[in-house]
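Content type mmCIF, C-alpha atoms and all ligand atoms, from the file model_8.cif:
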data_start
#
loop_
_atom_site.group_PDB
_atom_site.id
_atom_site.type_symbol
_atom_site.label_atom_id
_atom_site.label_comp_id
_atom_site.auth_asym_id
_atom_site.auth_seq_id
_atom_site.Cartn_x
_atom_site.Cartn_y
_atom_site.Cartn_z
ATOM 1 C CA MET A 1 105.610 106.065 92.504
ATOM 2 C CA LEU A 2 106.406 105.921 88.821
ATOM 3 C CA ASP A 3 103.667 107.166 86.536
ATOM 4 C CA ASP A 4 102.311 105.091 83.660
ATOM 5 C CA GLN A 5 104.586 106.704 81.108
ATOM 6 C CA GLU A 6 107.653 105.944 83.204
ATOM 7 C CA LYS A 7 106.465 102.402 83.720
ATOM 8 C CA THR A 8 105.926 101.922 79.990
ATOM 9 C CA ARG A 9 109.449 103.136 79.370
ATOM 10 C CA LEU A 10 110.733 100.749 82.018
ATOM 11 C CA VAL A 11 108.894 97.809 80.467
ATOM 12 C CA GLU A 12 110.521 98.617 77.127
ATOM 13 C CA GLN A 13 113.909 99.047 78.754
ATOM 14 C CA LEU A 14 113.625 95.696 80.543
ATOM 15 C CA ALA A 15 112.458 93.945 77.364
ATOM 16 C CA LYS A 16 115.464 95.336 75.500
ATOM 17 C CA ARG A 17 117.819 94.361 78.302
ATOM 18 C CA ARG A 18 116.353 90.869 78.320
ATOM 19 C CA ALA A 19 116.839 90.451 74.573
ATOM 20 C CA ALA A 20 120.443 91.647 74.848
ATOM 21 C CA LEU A 21 121.120 89.272 77.743
ATOM 22 C CA VAL A 22 119.556 86.289 75.973
ATOM 23 C CA GLU A 23 121.787 86.981 72.998
ATOM 24 C CA GLU A 24 124.821 87.389 75.237
ATOM 25 C CA VAL A 25 124.145 84.193 77.173
ATOM 26 C CA GLY A 26 123.526 82.356 73.904
ATOM 27 C CA ARG A 27 126.863 83.550 72.589
ATOM 28 C CA LYS A 28 128.692 82.524 75.747
ATOM 29 C CA LEU A 29 127.004 79.149 75.832
ATOM 30 C CA ALA A 30 127.505 78.469 72.131
ATOM 31 C CA ALA A 31 131.048 77.306 72.715
ATOM 32 C CA SER A 32 129.778 74.789 75.289
ATOM 33 C CA ARG A 33 126.792 73.742 73.243
ATOM 34 C CA ASP A 34 127.875 70.123 72.904
ATOM 35 C CA LYS A 35 128.162 69.773 76.677
ATOM 36 C CA ILE A 36 124.897 71.491 77.464
ATOM 37 C CA GLY A 37 122.979 69.313 75.051
ATOM 38 C CA SER A 38 119.406 70.076 74.265
ATOM 39 C CA ALA A 39 118.614 72.419 77.152
ATOM 40 C CA SER A 40 117.280 75.686 75.830
ATOM 41 C CA ILE A 41 118.432 79.019 77.167
ATOM 42 C CA ASP A 42 114.981 79.496 78.666
ATOM 43 C CA GLN A 43 115.330 76.249 80.604
ATOM 44 C CA ILE A 44 118.714 77.342 81.877
ATOM 45 C CA ILE A 45 117.347 80.739 82.883
ATOM 46 C CA GLU A 46 114.525 79.124 84.813
ATOM 47 C CA GLY A 47 117.231 77.237 86.618
ATOM 48 C CA GLY A 48 116.837 75.179 89.725
ATOM 49 C CA ASP A 49 116.293 71.615 88.714
ATOM 50 C CA TYR A 50 116.760 71.821 84.986
ATOM 51 C CA ALA A 51 118.036 68.658 83.382
ATOM 52 C CA SER A 52 121.326 70.129 82.275
ATOM 53 C CA ALA A 53 122.434 71.096 85.784
ATOM 54 C CA ASP A 54 125.102 68.392 85.829
ATOM 55 C CA ALA A 55 126.395 69.402 82.439
ATOM 56 C CA MET A 56 126.435 73.059 83.444
ATOM 57 C CA ALA A 57 128.308 72.287 86.643
ATOM 58 C CA GLY A 58 131.332 71.079 84.752
ATOM 59 C CA LEU A 59 131.630 74.214 82.712
ATOM 60 C CA ASP A 60 133.353 77.431 83.477
ATOM 61 C CA LEU A 61 130.333 79.612 83.041
ATOM 62 C CA ALA A 62 130.876 82.232 85.699
ATOM 63 C CA GLU A 63 130.312 85.006 83.194
ATOM 64 C CA ALA A 64 127.288 83.418 81.595
ATOM 65 C CA GLN A 65 125.898 82.722 85.050
ATOM 66 C CA ARG A 66 126.125 86.382 85.959
ATOM 67 C CA ASP A 67 124.121 87.181 82.848
ATOM 68 C CA ILE A 68 121.648 84.414 83.640
ATOM 69 C CA GLN A 69 121.224 85.826 87.153
ATOM 70 C CA GLU A 70 120.596 89.265 85.692
ATOM 71 C CA LEU A 71 118.079 87.730 83.294
ATOM 72 C CA ARG A 72 116.245 86.227 86.254
ATOM 73 C CA ASP A 73 116.272 89.635 87.962
ATOM 74 C CA VAL A 74 114.941 91.258 84.794
ATOM 75 C CA ASP A 75 112.204 88.629 84.479
ATOM 76 C CA ALA A 76 111.277 89.103 88.133
ATOM 77 C CA ALA A 77 111.058 92.875 87.628
ATOM 78 C CA ARG A 78 108.843 92.347 84.582
ATOM 79 C CA ALA A 79 106.596 90.049 86.590
ATOM 80 C CA ARG A 80 106.325 92.659 89.364
ATOM 81 C CA LEU A 81 105.478 95.319 86.797
ATOM 82 C CA ALA A 82 102.767 93.040 85.428
ATOM 83 C CA ASP A 83 101.219 92.167 88.797
ATOM 84 C CA GLY A 84 101.453 95.666 90.261
ATOM 85 C CA SER A 85 103.947 94.907 93.014
ATOM 86 C CA TYR A 86 106.767 96.713 91.240
ATOM 87 C CA GLY A 87 108.549 99.465 93.111
ATOM 88 C CA ILE A 88 107.562 98.237 96.561
ATOM 89 C CA CYS A 89 110.385 97.283 98.901
ATOM 90 C CA VAL A 90 110.228 93.537 99.663
ATOM 91 C CA ASP A 91 111.530 94.129 103.175
ATOM 92 C CA CYS A 92 109.693 97.161 104.546
ATOM 93 C CA GLY A 93 106.792 97.482 102.077
ATOM 94 C CA GLU A 94 107.486 101.151 101.405
ATOM 95 C CA ASP A 95 107.777 102.615 97.918
ATOM 96 C CA ILE A 96 111.243 102.443 96.431
ATOM 97 C CA ALA A 97 112.422 105.914 95.373
ATOM 98 C CA ASP A 98 111.797 106.631 91.688
ATOM 99 C CA ALA A 99 115.410 107.707 91.167
ATOM 100 C CA ARG A 100 116.604 104.347 92.459
ATOM 101 C CA LEU A 101 114.243 102.454 90.162
ATOM 102 C CA VAL A 102 115.388 104.479 87.179
ATOM 103 C CA ALA A 103 119.022 103.759 88.035
ATOM 104 C CA TYR A 104 118.389 100.122 89.037
ATOM 105 C CA PRO A 105 115.195 98.877 87.392
ATOM 106 C CA THR A 106 115.571 95.435 88.973
ATOM 107 C CA ALA A 107 115.897 96.753 92.546
ATOM 108 C CA THR A 108 113.705 94.908 95.040
ATOM 109 C CA ARG A 109 114.566 96.943 98.132
ATOM 110 C CA CYS A 110 114.657 100.580 99.087
ATOM 111 C CA THR A 111 118.108 102.029 99.660
ATOM 112 C CA ALA A 112 117.911 101.706 103.452
ATOM 113 C CA CYS A 113 116.830 98.052 103.349
ATOM 114 C CA GLN A 114 119.383 97.211 100.656
ATOM 115 C CA THR A 115 122.152 98.688 102.794
ATOM 116 C CA ALA A 116 120.935 96.724 105.816
ATOM 117 C CA TYR A 117 120.645 93.562 103.704
ATOM 118 C CA GLU A 118 124.193 93.886 102.415
ATOM 119 C CA LYS A 119 125.494 94.430 105.932
ATOM 120 C CA ARG A 120 123.645 91.340 107.169
ATOM 121 C CA HIS A 121 125.075 89.267 104.364
ATOM 122 C CA GLY A 122 128.538 90.764 104.435
ATOM 123 C CA LEU A 123 128.269 92.010 100.891
ATOM 124 C CA GLY A 124 130.138 94.928 99.435
ATOM 125 C CA ILE A 125 128.241 98.096 98.645
ATOM 126 C CA SER A 126 125.819 97.457 95.793
ATOM 127 C CA SER A 127 127.661 94.337 94.728
ATOM 128 C CA ARG A 128 124.240 92.901 94.252
ATOM 129 C CA LEU A 129 120.954 94.642 93.773
HETATM 130 ZN ZN ZN B 1 112.711 99.002 102.526
#
Would you write the structure of this file as structure tokens?
Amino acid sequence: MLDDQEKTRLVEQLAKRRAALVEEVGRKLAASRDKIGSASIDQIIEGGDYASADAMAGLDLAEAQRDIQELRDVDAARARLADGSYGICVDCGEDIADARLVAYPTATRCTACQTAYEKRHGLGISSRL
């Protein structure tokens, strides 16, 4: 388990990463602003049934969408840090190794479960955390 100091550092790291991603997504979306309309970046990040889904669909936003997905992962990690479920594998319930969390702060599975998950889903190695 990470100690409090490590967790504090992680919270800061995730907050910084989030700010950088928001800026990056904003930059990428700026060019498409007129098509996206009034949807805020936060609405887009929340995703799902946001009003601009149709507008977004017509845009080539593969890159921005990767960033948005990472933003969601970062937000999810921050939520887990806040509610105390951070660092616990969602599949087996065991602690995720500290070294893995330091390398991949948004990891939701231990290495063994992640490998099994990627095999099940036919994903490449660590193509997706
Ligand atoms: Zn596991």
- prompt: A:Thr108, A:Lys28, A:Asp3, A:Asp98: which is nearest Arg78 in chain A, counting all atoms listed in the file?
  reply: A:Thr108
message: With only C-alpha atoms as the counted atoms, please give the residues lying no more than 8 Å from range 21-25 of chain A, apart from itself and same-chain residues fewer than 5 positions off, as a ChimeraX atom specification.
response: /A:41,64,67-68,70-71
Go through chain A and flag each residue having an atom no more than 7 Å from ligand ZN 1 (chain B); for those, report the closest pair of atoms plus their distance in Å to one decimal, using all atoms listed in the file, ordered by chain and rising number, as a tab-separated table.
residue	atom	partner	partner_atom	distance
A:Cys89	CA	B:ZN1	ZN	4.6
A:Val90	CA	B:ZN1	ZN	6.7
A:Asp91	CA	B:ZN1	ZN	5.1
A:Cys92	CA	B:ZN1	ZN	4.1
A:Gly93	CA	B:ZN1	ZN	6.1
A:Glu94	CA	B:ZN1	ZN	5.8
A:Arg109	CA	B:ZN1	ZN	5.2
A:Cys110	CA	B:ZN1	ZN	4.3
A:Thr111	CA	B:ZN1	ZN	6.8
A:Ala112	CA	B:ZN1	ZN	5.9
A:Cys113	CA	B:ZN1	ZN	4.3
Between CA of Val11 in chain A and CA of Leu101 in chain A - distance in Å to one decimal: 12.0 Å
field: Polymer residues at most 9 Å from Ala77 in chain A, all atoms listed in the file, same-chain spacing of 5 or more positions, as a list of chain:residue names
entry: A:Val11, A:Leu14, A:Arg72, A:Ala82, A:Tyr86, A:Gly87, A:Pro105, A:Thr106, A:Ala107, A:Thr108
message: I'd like the interatomic distance between CA of Ala76 in chain A and CA of Arg17 in chain A, to a tenth of an Å.
response: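 Separation between CA of Ala76 in chain A and CA of Arg17 in chain A: 12.9 Å.
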query: So what do you get for CA of Leu81 in chain A versus CA of Lys7 in chain A, distance-wise?
result: 7.8 Å
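With all atoms listed in the file as the atoms that count, the minimum distance from Asp4 in chain A to the choices A:Ala99, A:Leu29, A:Tyr104, A:Gly84 is reached by A:Gly84.
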